[in-house]
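Text of the file start.cif, holding mmCIF, C-alpha atoms:
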data_coords
#
loop_
_atom_site.label_atom_id
_atom_site.label_comp_id
_atom_site.auth_asym_id
_atom_site.auth_seq_id
_atom_site.Cartn_x
_atom_site.Cartn_y
_atom_site.Cartn_z
CA MET A 16 0.00 0.00 0.00
CA GLU A 17 1.30 3.40 -0.89
CA GLU A 18 1.86 5.66 2.06
CA LYS A 19 -0.45 8.58 2.38
CA ILE A 20 1.05 11.98 1.73
CA TYR A 21 -1.03 14.67 3.39
CA ASP A 22 -1.33 18.15 1.93
CA THR A 23 -0.49 19.36 5.41
CA ILE A 24 0.40 18.00 8.80
CA ILE A 25 -0.31 20.26 11.74
CA VAL A 26 1.82 19.53 14.77
CA GLY A 27 0.09 20.67 17.93
CA THR A 28 -3.41 20.44 19.36
CA GLY A 29 -4.04 23.85 20.88
CA PRO A 30 -6.23 26.64 19.46
CA ALA A 31 -3.66 27.53 16.76
CA GLY A 32 -3.33 23.96 15.47
CA TYR A 33 -7.04 23.16 15.40
CA THR A 34 -7.97 26.48 13.80
CA ALA A 35 -5.37 25.86 11.10
CA ALA A 36 -7.04 22.46 10.55
CA ILE A 37 -10.47 24.06 10.21
CA TYR A 38 -9.11 26.32 7.47
CA THR A 39 -7.05 23.69 5.64
CA ARG A 40 -10.10 21.45 5.54
CA ARG A 41 -12.18 24.33 4.19
CA TYR A 42 -9.53 24.56 1.46
CA ASN A 43 -10.11 20.84 0.93
CA MET A 44 -6.53 19.98 1.84
CA SER A 45 -5.96 16.52 3.32
CA THR A 46 -5.05 17.31 6.92
CA LEU A 47 -3.54 15.40 9.81
CA VAL A 48 -3.29 16.94 13.26
CA LEU A 49 -0.58 15.35 15.40
CA GLY A 50 -0.30 16.12 19.06
CA GLU A 51 0.56 14.79 22.41
CA GLU A 52 -1.72 16.65 24.71
CA PHE A 53 -5.13 17.75 23.60
CA GLY A 54 -5.76 21.45 24.18
CA GLY A 55 -2.23 22.75 24.66
CA GLN A 56 -2.01 25.45 27.35
CA MET A 57 -5.79 25.59 27.34
CA ASN A 58 -6.14 22.23 29.05
CA ILE A 59 -5.41 23.88 32.37
CA ASP A 60 -8.67 24.71 34.06
CA TYR A 61 -8.81 28.41 33.22
CA ASP A 62 -11.90 30.42 32.47
CA VAL A 63 -11.64 32.22 29.14
CA GLU A 64 -13.37 35.60 29.22
CA ASN A 65 -12.09 37.27 26.07
CA TYR A 66 -12.89 34.95 23.19
CA PRO A 67 -15.57 36.58 21.00
CA GLY A 68 -18.92 34.87 21.21
CA PHE A 69 -18.27 33.44 24.66
CA LYS A 70 -18.61 35.79 27.59
CA ARG A 71 -17.15 33.20 29.92
CA ILE A 72 -16.27 29.61 29.14
CA LYS A 73 -13.91 27.00 30.57
CA GLY A 74 -10.78 26.85 28.41
CA ILE A 75 -11.08 23.11 28.14
CA GLU A 76 -14.71 23.38 27.02
CA LEU A 77 -13.90 25.92 24.31
CA MET A 78 -11.01 23.71 23.16
CA GLN A 79 -13.36 20.74 22.92
CA LYS A 80 -15.65 22.79 20.66
CA ILE A 81 -12.76 23.82 18.39
CA HIS A 82 -11.54 20.21 18.27
CA ASP A 83 -15.00 18.92 17.36
CA HIS A 84 -15.28 21.61 14.70
CA ALA A 85 -12.01 20.52 13.03
CA LEU A 86 -13.01 16.86 13.30
CA SER A 87 -16.43 17.49 11.73
CA LEU A 88 -14.73 19.01 8.68
CA GLY A 89 -12.68 15.87 8.11
CA ALA A 90 -9.37 16.60 9.81
CA GLU A 91 -7.65 13.41 10.93
CA ILE A 92 -6.27 13.50 14.43
CA GLU A 93 -3.57 11.25 15.86
CA ALA A 94 -2.01 11.16 19.34
CA ASP A 95 1.72 10.82 19.08
CA ILE A 96 4.88 12.48 20.32
CA ILE A 97 7.07 13.77 17.53
CA THR A 98 10.67 12.68 17.77
CA GLU A 99 12.00 13.81 14.40
CA ILE A 100 11.15 15.99 11.41
CA LYS A 101 12.96 15.28 8.14
CA LYS A 102 12.85 17.52 5.11
CA ASP A 103 13.36 16.01 1.71
CA LYS A 104 11.12 16.62 -1.29
CA ILE A 105 8.34 16.14 1.21
CA PHE A 106 8.35 16.18 5.00
CA THR A 107 8.57 13.01 7.04
CA ILE A 108 7.70 13.07 10.71
CA THR A 109 8.62 10.22 13.03
CA GLY A 110 6.57 9.63 16.17
CA MET A 111 7.40 7.96 19.46
CA THR A 112 4.97 5.19 18.49
CA GLY A 113 7.33 4.35 15.62
CA LYS A 114 4.90 5.57 12.98
CA GLU A 115 5.95 7.82 10.11
CA TYR A 116 3.79 10.59 8.74
CA LYS A 117 4.35 12.36 5.40
CA ALA A 118 3.17 15.72 4.11
CA LYS A 119 3.82 18.40 1.53
CA THR A 120 3.62 21.19 4.10
CA LEU A 121 3.93 21.48 7.86
CA ILE A 122 2.23 23.85 10.24
CA LEU A 123 4.00 23.89 13.59
CA ALA A 124 1.72 24.76 16.49
CA LEU A 125 4.10 23.44 19.12
CA GLY A 126 3.21 25.84 21.91
CA THR A 127 5.11 26.38 25.11
CA LYS A 128 5.82 24.35 28.20
CA ARG A 129 6.26 25.25 31.84
CA ARG A 130 9.78 26.27 32.68
CA LYS A 131 11.46 24.13 35.31
CA LEU A 132 14.04 25.35 37.78
CA GLY A 133 16.47 22.55 36.99
CA ILE A 134 17.69 22.28 40.58
CA PRO A 135 18.45 19.22 42.72
CA GLY A 136 15.32 17.71 44.26
CA GLU A 137 12.89 19.21 41.75
CA GLU A 138 12.35 16.00 39.81
CA LYS A 139 12.79 13.66 42.76
CA PHE A 140 9.98 15.29 44.75
CA ALA A 141 7.51 15.79 41.88
CA GLY A 142 4.19 14.72 43.37
CA ARG A 143 5.83 14.59 46.81
CA GLY A 144 5.75 18.28 47.55
CA VAL A 145 6.90 19.79 44.27
CA SER A 146 4.03 20.94 42.03
CA TYR A 147 3.44 22.98 38.90
CA CYS A 148 -0.33 23.21 39.34
CA ALA A 149 -1.81 24.95 42.38
CA THR A 150 -5.34 24.27 41.11
CA CYS A 151 -4.60 20.54 41.11
CA ASP A 152 -2.65 20.18 44.31
CA SER A 153 -3.42 23.02 46.76
CA ASN A 154 -5.94 20.78 48.51
CA PHE A 155 -3.19 18.45 49.72
CA PHE A 156 -1.58 21.26 51.70
CA LYS A 157 -4.28 22.05 54.27
CA ASP A 158 -2.71 23.89 57.22
CA LYS A 159 0.75 23.36 55.74
CA THR A 160 3.52 25.76 54.83
CA VAL A 161 4.22 26.22 51.12
CA ALA A 162 6.24 28.44 48.83
CA VAL A 163 5.40 29.80 45.40
CA ILE A 164 8.45 30.45 43.26
CA GLY A 165 8.02 33.17 40.66
CA GLY A 166 6.96 36.78 40.33
CA GLY A 167 4.44 36.94 37.48
CA ASP A 168 0.65 36.97 37.41
CA SER A 169 0.56 33.20 37.24
CA ALA A 170 2.67 32.86 40.41
CA PHE A 171 0.35 35.24 42.26
CA ALA A 172 -2.72 33.38 41.01
CA SER A 173 -1.17 30.22 42.45
CA ALA A 174 -0.48 31.95 45.78
CA PHE A 175 -4.08 33.14 45.87
CA ILE A 176 -5.38 29.58 45.41
CA LEU A 177 -2.96 28.20 48.01
CA LEU A 178 -4.08 30.71 50.64
CA LYS A 179 -7.44 28.93 50.79
CA HIS A 180 -5.75 25.90 52.31
CA ALA A 181 -2.21 26.57 53.50
CA LYS A 182 -1.40 28.20 56.83
CA LYS A 183 1.54 30.10 55.37
CA VAL A 184 2.62 31.01 51.83
CA TYR A 185 6.10 32.26 50.99
CA ILE A 186 6.45 34.05 47.66
CA ILE A 187 10.03 33.65 46.55
CA HIS A 188 11.29 35.80 43.70
CA ARG A 189 14.73 36.27 42.18
CA ARG A 190 14.33 40.02 41.58
CA ASP A 191 13.46 42.93 43.87
CA GLU A 192 10.17 43.68 42.13
CA PHE A 193 7.31 41.71 40.63
CA ARG A 194 6.07 41.53 37.06
CA ALA A 195 2.59 40.68 38.36
CA LYS A 196 -0.15 43.33 38.28
CA PRO A 197 0.13 45.79 41.20
CA GLY A 198 -3.42 45.07 42.43
CA ILE A 199 -2.81 41.44 43.30
CA VAL A 200 0.68 42.21 44.66
CA ASN A 201 -0.82 44.75 47.08
CA ASP A 202 -3.52 42.29 48.19
CA MET A 203 -0.81 39.79 49.02
CA LYS A 204 1.24 42.37 50.91
CA LEU A 205 -1.73 42.94 53.21
CA ASN A 206 -2.27 39.23 53.85
CA THR A 207 -0.69 38.17 57.15
CA LYS A 208 -0.27 34.57 55.95
CA VAL A 209 2.03 35.70 53.13
CA GLU A 210 5.75 36.37 53.41
CA PHE A 211 7.86 37.73 50.57
CA VAL A 212 11.42 36.55 50.02
CA MET A 213 13.02 38.82 47.45
CA ASN A 214 16.29 38.60 45.51
CA ALA A 215 16.40 34.89 46.24
CA ASN A 216 17.14 31.94 43.97
CA VAL A 217 16.11 28.51 45.19
CA LYS A 218 19.17 26.26 44.99
CA GLU A 219 17.93 22.93 46.27
CA ILE A 220 14.80 21.13 47.42
CA LEU A 221 15.35 18.71 50.28
CA GLY A 222 13.41 16.06 52.16
CA GLU A 223 13.14 12.35 52.79
CA ASN A 224 9.94 10.86 51.41
CA ASN A 225 8.42 14.29 50.96
CA VAL A 226 9.72 17.84 50.81
CA THR A 227 10.79 19.31 54.16
CA LYS A 228 12.86 22.37 53.26
CA ILE A 229 14.51 24.46 50.55
CA ILE A 230 17.88 26.14 50.33
CA THR A 231 18.14 29.62 48.81
CA ASP A 232 20.99 32.04 48.12
CA SER A 233 19.30 34.76 50.21
CA LYS A 234 21.40 35.89 53.18
CA ASP A 235 18.54 36.20 55.66
CA MET A 236 16.51 33.23 54.46
CA SER A 237 19.01 30.65 53.30
CA GLU A 238 16.93 27.77 54.63
CA ILE A 239 13.12 27.64 54.68
CA LYS A 240 11.24 24.76 56.29
CA LEU A 241 8.10 23.90 54.36
CA ASP A 242 5.89 21.13 52.99
CA GLY A 243 5.24 22.21 49.42
CA VAL A 244 6.97 24.08 46.60
CA PHE A 245 4.86 25.46 43.74
CA ILE A 246 6.97 26.39 40.75
CA ASP A 247 5.61 29.14 38.51
CA VAL A 248 8.54 30.61 36.63
CA GLY A 249 7.06 31.15 33.18
CA VAL A 250 7.11 29.16 29.97
CA ILE A 251 9.58 28.24 27.23
CA PRO A 252 8.74 27.53 23.59
CA ASN A 253 8.85 23.91 22.34
CA THR A 254 11.29 24.57 19.52
CA GLU A 255 13.96 21.84 19.80
CA LEU A 256 12.60 19.82 16.86
CA ALA A 257 12.04 22.87 14.66
CA LYS A 258 15.60 24.00 15.28
CA LYS A 259 16.96 20.61 14.20
CA VAL A 260 15.24 20.85 10.82
CA GLY A 261 16.74 24.30 10.29
CA VAL A 262 13.93 26.60 11.38
CA GLU A 263 15.29 29.93 12.53
CA LEU A 264 14.56 31.07 16.09
CA ASP A 265 14.75 34.50 17.70
CA GLU A 266 16.98 35.32 20.67
CA GLU A 267 14.38 33.93 23.10
CA ASN A 268 14.01 30.71 21.09
CA TYR A 269 10.61 31.52 19.58
CA ILE A 270 10.16 30.63 15.88
CA LYS A 271 10.68 33.62 13.59
CA VAL A 272 7.72 34.05 11.24
CA THR A 273 6.71 36.42 8.48
CA PRO A 274 3.24 38.05 8.44
CA LYS A 275 2.19 35.03 6.32
CA GLN A 276 3.34 32.75 9.18
CA GLU A 277 6.17 31.42 7.01
CA THR A 278 9.40 30.26 8.62
CA ASN A 279 12.74 30.48 6.85
CA VAL A 280 12.25 26.85 5.71
CA SER A 281 10.09 26.60 2.59
CA GLY A 282 6.92 24.61 3.31
CA ILE A 283 7.11 25.01 7.09
CA TYR A 284 4.74 27.46 8.78
CA ALA A 285 4.48 28.20 12.48
CA VAL A 286 1.54 29.45 14.54
CA GLY A 287 0.47 30.27 18.08
CA ASP A 288 2.51 30.73 21.25
CA VAL A 289 5.61 29.10 19.74
CA THR A 290 6.17 32.01 17.30
CA ASN A 291 7.40 35.58 17.61
CA GLY A 292 4.46 36.67 15.42
CA SER A 293 1.55 39.05 16.06
CA SER A 294 3.68 41.42 18.15
CA GLY A 295 4.22 38.70 20.73
CA VAL A 296 0.60 38.75 21.94
CA LYS A 297 0.03 35.33 23.50
CA GLN A 298 -3.73 35.02 23.41
CA MET A 299 -6.08 32.31 22.23
CA ILE A 300 -7.67 34.50 19.56
CA VAL A 301 -4.27 35.48 18.19
CA ALA A 302 -3.22 31.82 18.03
CA ALA A 303 -6.42 31.02 16.16
CA ALA A 304 -5.89 33.90 13.73
CA GLU A 305 -2.35 32.77 13.01
CA GLY A 306 -3.74 29.30 12.30
CA ALA A 307 -6.07 30.76 9.67
CA ILE A 308 -3.26 32.73 8.03
CA ALA A 309 -0.87 29.76 7.96
CA ALA A 310 -3.54 27.52 6.44
CA THR A 311 -4.06 30.06 3.65
CA SER A 312 -0.30 30.29 3.04
CA ALA A 313 0.06 26.49 3.03
CA PHE A 314 -2.83 26.24 0.57
CA SER A 315 -1.02 28.54 -1.89
CA GLN A 316 2.13 26.49 -1.41
CA THR A 317 0.47 23.10 -2.09
CA ARG A 318 -0.98 24.49 -5.31
CA VAL A 319 2.50 25.44 -6.43
CA CYS A 320 3.76 22.15 -5.07
CA LYS A 321 1.22 20.14 -7.05
CA ASN A 322 2.57 21.52 -10.33
CA GLU A 323 6.16 21.10 -9.30
CA LEU A 324 5.67 17.57 -8.01
CA LYS A 325 5.31 16.40 -11.58
CA ASP A 326 9.01 17.00 -11.81
CA GLY A 327 9.40 15.23 -8.51
CA ASP A 328 10.33 18.34 -6.66
CA CYS A 329 8.59 20.54 -4.18
CA ASN A 330 10.08 22.30 -1.17
CA ASP A 331 13.36 23.51 -2.54
CA MET B 22 -12.28 -2.73 30.34
CA THR B 23 -14.46 -1.09 32.95
CA ILE B 24 -12.45 0.98 35.33
CA ILE B 25 -13.36 0.36 38.94
CA HIS B 26 -13.75 3.38 41.18
CA VAL B 27 -12.17 2.53 44.48
CA ASN B 28 -13.36 3.93 47.80
CA LYS B 29 -12.76 3.17 51.47
CA GLU B 30 -15.32 0.36 51.41
CA ASN B 31 -14.02 -1.63 48.42
CA PHE B 32 -10.31 -0.73 48.75
CA GLU B 33 -9.35 -3.96 50.49
CA LYS B 34 -11.24 -6.18 48.07
CA GLU B 35 -10.29 -4.39 44.84
CA VAL B 36 -6.70 -3.39 45.63
CA LEU B 37 -5.18 -5.40 48.48
CA HIS B 38 -6.86 -8.69 47.55
CA SER B 39 -6.74 -8.26 43.79
CA ASP B 40 -5.57 -11.29 41.81
CA LYS B 41 -3.68 -9.00 39.41
CA PRO B 42 -1.31 -6.13 40.26
CA VAL B 43 -3.27 -2.86 40.45
CA LEU B 44 -2.58 0.49 38.82
CA ILE B 45 -4.28 3.30 40.73
CA ASP B 46 -4.97 6.67 39.10
CA PHE B 47 -5.28 9.29 41.85
CA TRP B 48 -7.27 12.18 40.44
CA ALA B 49 -9.79 14.92 41.26
CA PRO B 50 -12.50 16.71 39.30
CA TRP B 51 -10.79 20.11 39.62
CA CYS B 52 -7.55 18.87 38.06
CA GLY B 53 -7.23 19.70 34.34
CA PRO B 54 -4.29 17.38 33.61
CA CYS B 55 -6.14 14.52 35.36
CA LYS B 56 -9.14 15.02 33.10
CA MET B 57 -6.88 14.90 30.05
CA MET B 58 -5.36 11.64 31.23
CA GLY B 59 -8.73 10.02 31.97
CA PRO B 60 -9.50 8.78 28.45
CA VAL B 61 -5.86 7.71 27.93
CA PHE B 62 -5.97 5.68 31.15
CA GLU B 63 -9.10 3.98 29.89
CA GLU B 64 -7.54 3.19 26.49
CA LEU B 65 -4.45 1.75 28.17
CA SER B 66 -6.59 -0.47 30.39
CA ASN B 67 -7.51 -2.34 27.20
CA GLU B 68 -3.90 -2.57 26.03
CA ILE B 69 -2.15 -3.57 29.26
CA THR B 70 -4.20 -6.52 30.41
CA ASP B 71 -1.72 -7.78 33.03
CA LEU B 72 -2.84 -5.00 35.34
CA LYS B 73 -6.12 -4.05 36.93
CA PHE B 74 -6.82 -0.34 36.35
CA VAL B 75 -8.64 1.53 39.11
CA LYS B 76 -9.27 5.17 39.97
CA ILE B 77 -9.38 6.95 43.31
CA ASN B 78 -11.06 10.34 43.52
CA THR B 79 -8.91 12.20 46.05
CA GLN B 80 -11.68 14.69 46.76
CA ASP B 81 -14.11 12.02 47.96
CA GLU B 82 -11.51 9.65 49.36
CA GLN B 83 -9.30 11.93 51.43
CA GLU B 84 -8.41 9.16 53.87
CA LEU B 85 -7.05 6.95 51.09
CA ALA B 86 -5.19 9.92 49.58
CA ALA B 87 -3.64 10.63 52.98
CA GLN B 88 -2.80 6.95 53.49
CA PHE B 89 -0.87 7.02 50.21
CA GLN B 90 0.62 10.43 51.10
CA ILE B 91 -0.63 11.88 47.85
CA GLN B 92 0.57 15.48 47.44
CA GLY B 93 0.15 15.89 43.72
CA ILE B 94 -2.22 14.67 41.05
CA PRO B 95 -2.40 12.98 38.68
CA THR B 96 -0.37 10.26 40.42
CA MET B 97 -0.18 6.70 39.13
CA SER B 98 0.69 4.10 41.73
CA LEU B 99 1.41 0.44 41.00
CA ILE B 100 0.44 -1.99 43.76
CA LYS B 101 1.35 -5.64 43.97
CA GLY B 102 0.16 -7.64 46.96
CA ASN B 103 0.31 -5.33 49.90
CA ARG B 104 3.13 -3.20 48.59
CA GLU B 105 3.55 -0.16 46.40
CA VAL B 106 6.01 -1.09 43.64
CA ASP B 107 6.49 2.43 42.27
CA ARG B 108 4.63 5.63 41.40
CA PHE B 109 4.93 8.72 39.30
CA SER B 110 3.18 12.07 39.16
CA GLY B 111 2.24 14.59 36.52
CA PHE B 112 0.64 14.59 33.12
CA ALA B 113 2.01 12.27 30.45
CA PRO B 114 0.66 11.88 26.91
CA LYS B 115 -0.36 8.36 25.87
CA PRO B 116 2.88 6.96 24.43
CA MET B 117 4.85 8.30 27.37
CA LEU B 118 2.32 7.10 29.93
CA LYS B 119 2.46 3.62 28.42
CA GLN B 120 6.26 3.64 28.60
CA LYS B 121 6.22 4.78 32.22
CA ILE B 122 3.72 2.10 33.23
CA GLU B 123 5.73 -0.61 31.47
CA ALA B 124 8.90 0.63 33.18
CA MET B 125 7.19 0.33 36.57
CA MET B 126 5.98 -3.17 35.70
CA LYS B 127 9.60 -4.28 35.28
CA ASN B 128 10.06 -3.66 39.01
CA MET B 129 7.16 -5.89 40.03
#
Could you write out this structure as structure tokens?
Amino acid sequence: MEEKIYDTIIVGTGPAGYTAAIYTRRYNMSTLVLGEEFGGQMNIDYDVENYPGFKRIKGIELMQKIHDHALSLGAEIEADIITEIKKDKIFTITGMTGKEYKAKTLILALGTKRRKLGIPGEEKFAGRGVSYCATCDSNFFKDKTVAVIGGGDSAFASAFILLKHAKKVYIIHRRDEFRAKPGIVNDMKLNTKVEFVMNANVKEILGENNVTKIITDSKDMSEIKLDGVFIDVGVIPNTELAKKVGVELDEENYIKVTPKQETNVSGIYAVGDVTNGSSGVKQMIVAAAEGAIAATSAFSQTRVCKNELKDGDCND
Amino acid sequence: MTIIHVNKENFEKEVLHSDKPVLIDFWAPWCGPCKMMGPVFEELSNEITDLKFVKINTQDEQELAAQFQIQGIPTMSLIKGNREVDRFSGFAPKPMLKQKIEAMMKNM
């Protein structure tokens, strides 16, 4: 049996990827969506309050609707983890399941992942006191002492959730001021259960079965006894695979795109949080819009490609 | 395979006295990553037939969660006989989850 060559493969299952699929299917392009984790960033239990048409909706619920929409138009969807992208006359993607997928064009909607601290104890105590999700785990720290590491809005949102259960919340930040909005920072300053530790980097997480303390490089607070550490230090783009196939990144490792969502590699487009596009606005509607643009660009490309393929050549 | 929901009442019968080793998925309704893993856990229960797949809702079963010292969900714990073989926490997409479970099974 001859292997199927898709008009496009979309890598990523967040709003950008699925919206691209809606558009490529409307252009009647054969479309495969490959992804490891349905919903991307949106699978976290956030309420979305700024997506037109929905005054307030759970992120996961809106994602489900977008997914169903793409599926109803005939997009194929496959759960796999991409381990390699090869560019020849067409693109070949290898998955962790051992399967190979082939396409004339690629739309990368790879998204971002939570940044880790990369310190001793972080991995060892995952699920034993180290957490990246206050919504998921705050309940296990009733009347306990915890720390939130980070200084952005997301870190403060975590601290806010933790205060419902914990008896004390340290907010540990490596700078002397916060990026988070002043309103929530002031609320926290007034809360007697909160203690700020500024200009401090956490160096190590210690414990036996579970976390018991952390070591920092702060002079006054070099050792803090606690039960839980919630890490909220931002995100990094998932660009390792793109880089290997020659896609150019900016200085912060986001994929450089043109206004048509093209990368420097012919036939590869990038959309959503993983790009430096749309003035860096990381919002669901922007991701979706980039998906629509990339689909249109890929459609033009496959038309060119179709003619060129007769000579056995395409993405050169 | 139907996934059995374990509570305080059936814990002994379904987990401690199970004829097969048991894989417990500790979860809660408020946990986004747990919800994402739910369908994958169910699919894997049909693929890995050497194990019995069960779920424990940590919101309803706080005593069991405390007994297992659960501090993060999702957590997957592999039980054989009366003993916990191994566990891991955090979201994993299907191929990775399968790998992790099979790695734990090697320690049984």
If you apply the PyMOL selection byres ((chain B) within 8 of (chain A)) to this file, what residues do you get, as a PyMOL selection string? chain B and resi 49+51-54+57+90-94+96+109-111+114-116
I would like the residues chosen by the PyMOL selection byres ((chain A and resi 245-247) around 9) on the shown file; could you give them as a list in words? Arg129, Arg130, Lys131, Leu132, Gly144, Val145, Ser146, Tyr147, Cys148, Ala149, Val161, Ala162, Val163, Ile164, Gly165, Gly166, Gly167, Ser169, Ala170, Phe171, Ser173, Ala174, Gly243, Val244, Val248, Gly249 and Val250 of chain A
Translate the PyMOL selection byres ((chain A and resi 234) around 12), as applied to the file shown, into an explicit residue set as a list of chain:residue names. A:Val212, A:Met213, A:Asn214, A:Ala215, A:Asn216, A:Ile230, A:Thr231, A:Asp232, A:Ser233, A:Asp235, A:Met236, A:Ser237, A:Glu238, A:Ile239
In Å, with one decimal, what is the gap from CA of Arg190 in chain A to CA of Asn206 in chain A? 20.7 Å
Of the listed residues B:Met129, B:Ala113, B:Ile25, B:Val61, that which approaches Phe74 in chain B most closely, counting all atoms listed in the file: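 Checking each of B:Met129, B:Ala113, B:Ile25, B:Val61 against Phe74 in chain B, counting all atoms listed in the file, the winner is B:Ile25.
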Restricting the calculation to all atoms listed in the file, which member of B:Val43, B:Met117, B:Ile100, B:Met125 is positioned closest to Asp71 in chain B?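 So, comparing all the options, the nearest one is B:Val43.
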Point-to-point distance from CA of Lys240 in chain A to CA of Ala181 in chain A, Å rounded to tenths: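 Going from CA of Lys240 in chain A over to CA of Ala181 in chain A, I get 13.9 Å.
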Go ahead and compute the interatomic distance for CA of Gln298 in chain A and CA of Leu178 in chain A, in Å to one decimal.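 Spanning CA of Gln298 in chain A to CA of Leu178 in chain A is a straight-line distance of 27.6 Å.
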Take the point (12.5, 24.2, 10.6) as written in the file and pick out every residue within 8 Å of it, counting only C-alpha atoms; give the list as an NGL selection string. :A and (256-263 or 278-280 or 283)
Write out as a PyMOL selection string which residues come within 10 Å of Ala310 in chain A when counting all atoms listed in the file, dropping same-chain ones fewer than 5 positions away. chain A and resi 23+25+32+34-42+44+120-122+275-276+284+286+304-305+315-316
Gly102 in chain B: which residues within 12 Å, counting only C-alpha atoms, same-chain residues fewer than 3 positions away excluded, as a CSV table (one decimal) with C-alpha atoms, in the coordinates of the input?
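And here's around_4.csv as it stands now:
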chain,number,residue,atom,x,y,z
B,33,GLU,CA,-9.4,-4.0,50.5
B,34,LYS,CA,-11.2,-6.2,48.1
B,35,GLU,CA,-10.3,-4.4,44.8
B,36,VAL,CA,-6.7,-3.4,45.6
B,37,LEU,CA,-5.2,-5.4,48.5
B,38,HIS,CA,-6.9,-8.7,47.6
B,39,SER,CA,-6.7,-8.3,43.8
B,40,ASP,CA,-5.6,-11.3,41.8
B,41,LYS,CA,-3.7,-9.0,39.4
B,42,PRO,CA,-1.3,-6.1,40.3
B,43,VAL,CA,-3.3,-2.9,40.4
B,44,LEU,CA,-2.6,0.5,38.8
B,99,LEU,CA,1.4,0.4,41.0
B,105,GLU,CA,3.6,-0.2,46.4
B,106,VAL,CA,6.0,-1.1,43.6
B,129,MET,CA,7.2,-5.9,40.0
Neighbours of point (-8.4, 1.0, 42.8) within 6 Å, using only C-alpha atoms, written as a compact mmCIF listing (two decimals) with C-alpha atoms, keeping the file's coordinate frame:
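Wrote selection.txt, looks like this:
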# COMPACT_ATOMS: atom_id res chain seq x y z
CA VAL B 27 -12.17 2.53 44.48
CA VAL B 36 -6.70 -3.39 45.63
CA ILE B 45 -4.28 3.30 40.73
CA VAL B 75 -8.64 1.53 39.11
CA LYS B 76 -9.27 5.17 39.97
Of the listed residues B:Asn28, B:Gln83, B:Arg108, B:Gln88, that which approaches Glu123 in chain B most closely, counting all atoms listed in the file: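 Closest to Glu123 in chain B, using all atoms listed in the file: B:Arg108.
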If we count all atoms listed in the file, what is near Gly136 in chain A at a cut-off of 8 Å, once residues fewer than 6 positions away on the same chain are taken out, given as a list in words?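 Non-adjacent residues within range: Glu219, Ile220 and Leu221 of chain A.
When only C-alpha atoms are used to measure the gap to Asp81 in chain B, the shortest distance among B:Ile122, B:Asp107, B:Ser98, B:Pro50 belongs to B:Pro50.
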